[in-house]
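K.L.:
This is the structure, below, for whatever I ask next.
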Amino acid sequence: MKKLLLFVLVGLPLIANAASPAPSDSLLKVLRAEIARKSIYDKLKDEQIAALRQKLNAKQPSDLMAKYNATLGLFEAFKDYRFDSTFHYAQKLIDISVQLHDNRKLAENRLRLGTTLITSGMFKETFDCLREVKRRWLDKQLKKSYYVLYSWAWSDLSKYNADRFYAPEDRERKYRYLDSAIALADSGSFEQLILKAQQQPNIGPHPSRYYMELMNRKLSAHEEAMVVTGLSRYRTGDEKLRLLAIAAINDVRTSTYRAQAMLELGNALFDRGRLDDAYFFLQQALDQANKFGARMQRYQVARALPVVAAERDMSAKRERQHFLIFLASVVVITIITGLVGFIIFVQLKKVRAGERVIRETNRLLAKQNNMLWEEGRIKEEYIGFFFSELSRHIVKLDKLKNQVHRKVKSGSFDEALRQLENVDIHAERQRLFNTFDQVFLKLFPDFIEAVNAMLPEEDQFKPKAAGTLTTQLRILALMRLGINNNEMIANILEYTVNTVYTYRFRLRTKALIPGDDFEQRIMGIEIATE
């Protein structure tokens with residue numbers, strides 16, 4: 001029992017103080033706010049697309065070049081937004097290229113189609129599309145795109161296979177095509193540095209060097225999201241969360257649904273044990289994948305989300321168990337406190353009974369009665385101490401509640417918060433005062449009438465319920481019990497010393513008798529004889 005009480009009174013405050021908000025939390029709040037506003041960003045994107053469609057519809061069917069450029073604008077608008085529309089306009093670009101008899105455009109648009117297919121995890125269709133590209137139609141720029149797409153396809157296929165037989169060979173092919181693409185990229189360009197950062201490990205400088213170099217450049221929101229997502233893979237802890245939060249914010253603001261940042265953020269939060277946050281952002285990643293229509297994205301989220309959900313349920317069960325232990329501890333403390341109060345109450349009844357017997361059987365034993373009176377006074381002082389201790393105990397419980405509240409809030413343990421909110425400190429304090437009132441009025445049943453007899457009618461006290469005292473009557477009751485110190489009265493009743501002083505001063509000025517005699521009369525109110 002002693003160990004259990006020690007855990008409740010000492011252990012829990014230390015645990016609550018151990019939790020402190022991380023610097024990335026502010027960015028996660030911004031991300032949540034941006035997610036709530038994503039419909040606004042999507043509306044702007046839809047308006048842009050609607051304008052491009054009007055531009056396309058206004059073109060003459062015979063003006064193939066103008067029609068091609070308008071279709072290309074729609075493809076670019078859709079490529080990170082909706083898979084099905086991107087696929088549609090990629091095919092349209094291929095059809096127009098055939099009509100233009102432009103082999104370079106045909107090859108370029110087959111690569112665009114392949115890029116669209118790989119974003120949805122359609123590996124076979126992507127490789128079929130690449131095989132249809134005639135390499136003799138490719139200039140340097142298109143060859144680079146050709147190698148990038150091959151590298152991308154083999155990379156995603158290795159992630160999808162994720163085995164020890166096929167995946168290593170897929171990765172080897174990825175790096176061969178990536179090296180070819182790097183050789184064709186313009187030296188020092190954004191694209192070349194991004195590609196170099198994905199080279200085979202232990203070849204060349206560390207990938208984070210390339211990402212840091214790009215971070216020093218002026219980037220678009222989409223480019224910044226790409227860079228910080230890549231850099232986050234080489235960071236840990238709160239820095240990783242911060243980078244992924246920045247990337248995810250940019251993705252939301254640019255209506256980029258073909259993105260990895262939200263998924264990787266959810267996984268990083270799961271690794272840090274922040275299950276509620278991880279579950280929320282993985283759900284957002286799934287929403288992104290569903291809206292874009294990417295099978296590969298859905299597959300990746302579908303692998304992570306059930307694991308997080310299961311761990312989240314287990315964590316909730318553990319939290320419920322911890323709360324039940326805490327609740328049991330509070331109940332035990334409350335029972336012990338109640339038993340102590342009951343014992344004191346019984347002892348007081350015995351003292352009063354003994355005093356009545358002594359007064360009735362031997363009124364001549366003044367010295368003995370005086371000693372008994374002093375003993376009763378000591379008992380009364382003990383009552384004041386008892387209520388003071390109970391008051392401080394309630395204050396401690398209040399502080400404990402607030403500390404546990406902050407701890408749970410920082411961990412986003414919603415169910416525990418709702419349950420802890422049921423701890424009503426105000427009700428406990430009011431129950432303490434009601435108990436005090438009842439005990440006191442049993443000792444001094446005529447106390448209210450005696451006080452009112454010393455006050456004008458308009459200033460007399462009329463408690464709202466029988467067996468209760470008003471605040472000013474409670475102050476006078478404590479005085480009658482021998483507690484005259486304003487600071488002690490203030491501590492017991494949870495008021496300021498100035499408030500207690502003001503109440504006492506007003507009562508003396510309103511009394512029908514001189515102020516100096518008023519409090520002496522209060523002390524003269526007799527205890528019940530029966």
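Chain identifiers are assigned as A, B, and so on, following the order in which chains appear in the structure tokens; residues are numbered from 1 within each chain, and ligands are numbered from 1 in order of appearance.
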Using only C-alpha atoms, determine which residues lie at most 12 Å from stretch 64-78 of chain A, disregarding the query and same-chain residues fewer than 2 positions distant; provide the list as JSON, numbers by chain.
P.N.:
{"A": [42, 44, 45, 46, 47, 48, 49, 50, 51, 52, 53, 54, 55, 56, 57, 58, 59, 60, 61, 62, 80, 81, 82, 83, 84, 85, 86, 87, 88, 89, 90, 91, 92, 93, 94, 95, 96, 97, 98, 99, 100, 101, 102, 105, 106, 108, 109, 112, 113, 115, 116, 254, 255, 256, 257, 258, 291, 292, 293]}
K.L.:
Skipping near chain neighbours, those fewer than 2 positions away, what residues fall within 12 Å of A:Ala466 using only C-alpha atoms, listed as a list in words?
P.N.:
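Returned residues: Asn434, Asp437, Gln438, Leu441, Pro445, Ile448, Lys462, Pro463, Lys464, Thr468, Leu469 and Thr470 of chain A.
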K.L.:
Hey, can you spit out that residue selection with N, CA and C atoms as an mmCIF file, in the first residue's frame?
P.N.:
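Full text of again.cif as output:
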```cif
data_model
loop_
_atom_site.group_PDB
_atom_site.id
_atom_site.type_symbol
_atom_site.label_atom_id
_atom_site.label_comp_id
_atom_site.auth_asym_id
_atom_site.auth_seq_id
_atom_site.Cartn_x
_atom_site.Cartn_y
_atom_site.Cartn_z
ATOM 1 N N ASN A 434 -19.127 21.163 2.994
ATOM 2 C CA ASN A 434 -20.427 20.681 3.478
ATOM 3 C C ASN A 434 -20.258 19.776 4.700
ATOM 4 N N ASP A 437 -19.563 21.941 7.589
ATOM 5 C CA ASP A 437 -20.783 22.600 8.059
ATOM 6 C C ASP A 437 -21.615 21.663 8.918
ATOM 7 N N GLN A 438 -21.777 20.427 8.456
ATOM 8 C CA GLN A 438 -22.617 19.475 9.182
ATOM 9 C C GLN A 438 -22.036 19.149 10.551
ATOM 10 N N LEU A 441 -22.404 22.276 12.835
ATOM 11 C CA LEU A 441 -23.769 22.561 13.283
ATOM 12 C C LEU A 441 -24.292 21.498 14.245
ATOM 13 N N PRO A 445 -25.676 23.754 17.198
ATOM 14 C CA PRO A 445 -26.902 23.810 16.398
ATOM 15 C C PRO A 445 -27.578 25.183 16.404
ATOM 16 N N ILE A 448 -26.287 29.721 14.030
ATOM 17 C CA ILE A 448 -26.796 30.701 13.063
ATOM 18 C C ILE A 448 -27.748 31.679 13.758
ATOM 19 N N LYS A 462 -29.094 33.866 5.893
ATOM 20 C CA LYS A 462 -30.108 32.866 5.579
ATOM 21 C C LYS A 462 -29.512 31.870 4.585
ATOM 22 N N PRO A 463 -28.881 30.809 5.097
ATOM 23 C CA PRO A 463 -28.261 29.817 4.199
ATOM 24 C C PRO A 463 -29.279 29.257 3.209
ATOM 25 N N LYS A 464 -28.767 28.897 2.016
ATOM 26 C CA LYS A 464 -29.657 28.393 0.964
ATOM 27 C C LYS A 464 -30.248 27.034 1.308
ATOM 28 N N THR A 468 -26.173 23.935 6.200
ATOM 29 C CA THR A 468 -25.023 24.537 5.525
ATOM 30 C C THR A 468 -24.780 25.934 6.071
ATOM 31 N N LEU A 469 -23.558 26.426 5.831
ATOM 32 C CA LEU A 469 -23.161 27.759 6.265
ATOM 33 C C LEU A 469 -22.774 28.592 5.067
ATOM 34 N N THR A 470 -22.981 29.897 5.168
ATOM 35 C CA THR A 470 -22.452 30.813 4.149
ATOM 36 C C THR A 470 -20.971 31.028 4.407
#
```
K.L.:
Pull the helix (DSSP H, G or I) assignments for stretch 433-514 of chain A out of DSSP run on the backbone, and list those residues as a PyMOL selection string.
P.N.:
chain A and resi 433-443+447-452+457-459+471-480+486-493+497-510
K.L.:
Excluding stretch 240-247 of chain A and any residue of its chain fewer than 6 positions from it, enumerate the residues within 6 Å of it, using only C-alpha atoms, and give them as an MDAnalysis selection string.
P.N.:
chainID A and resid 24 225 228:229 232 261 265
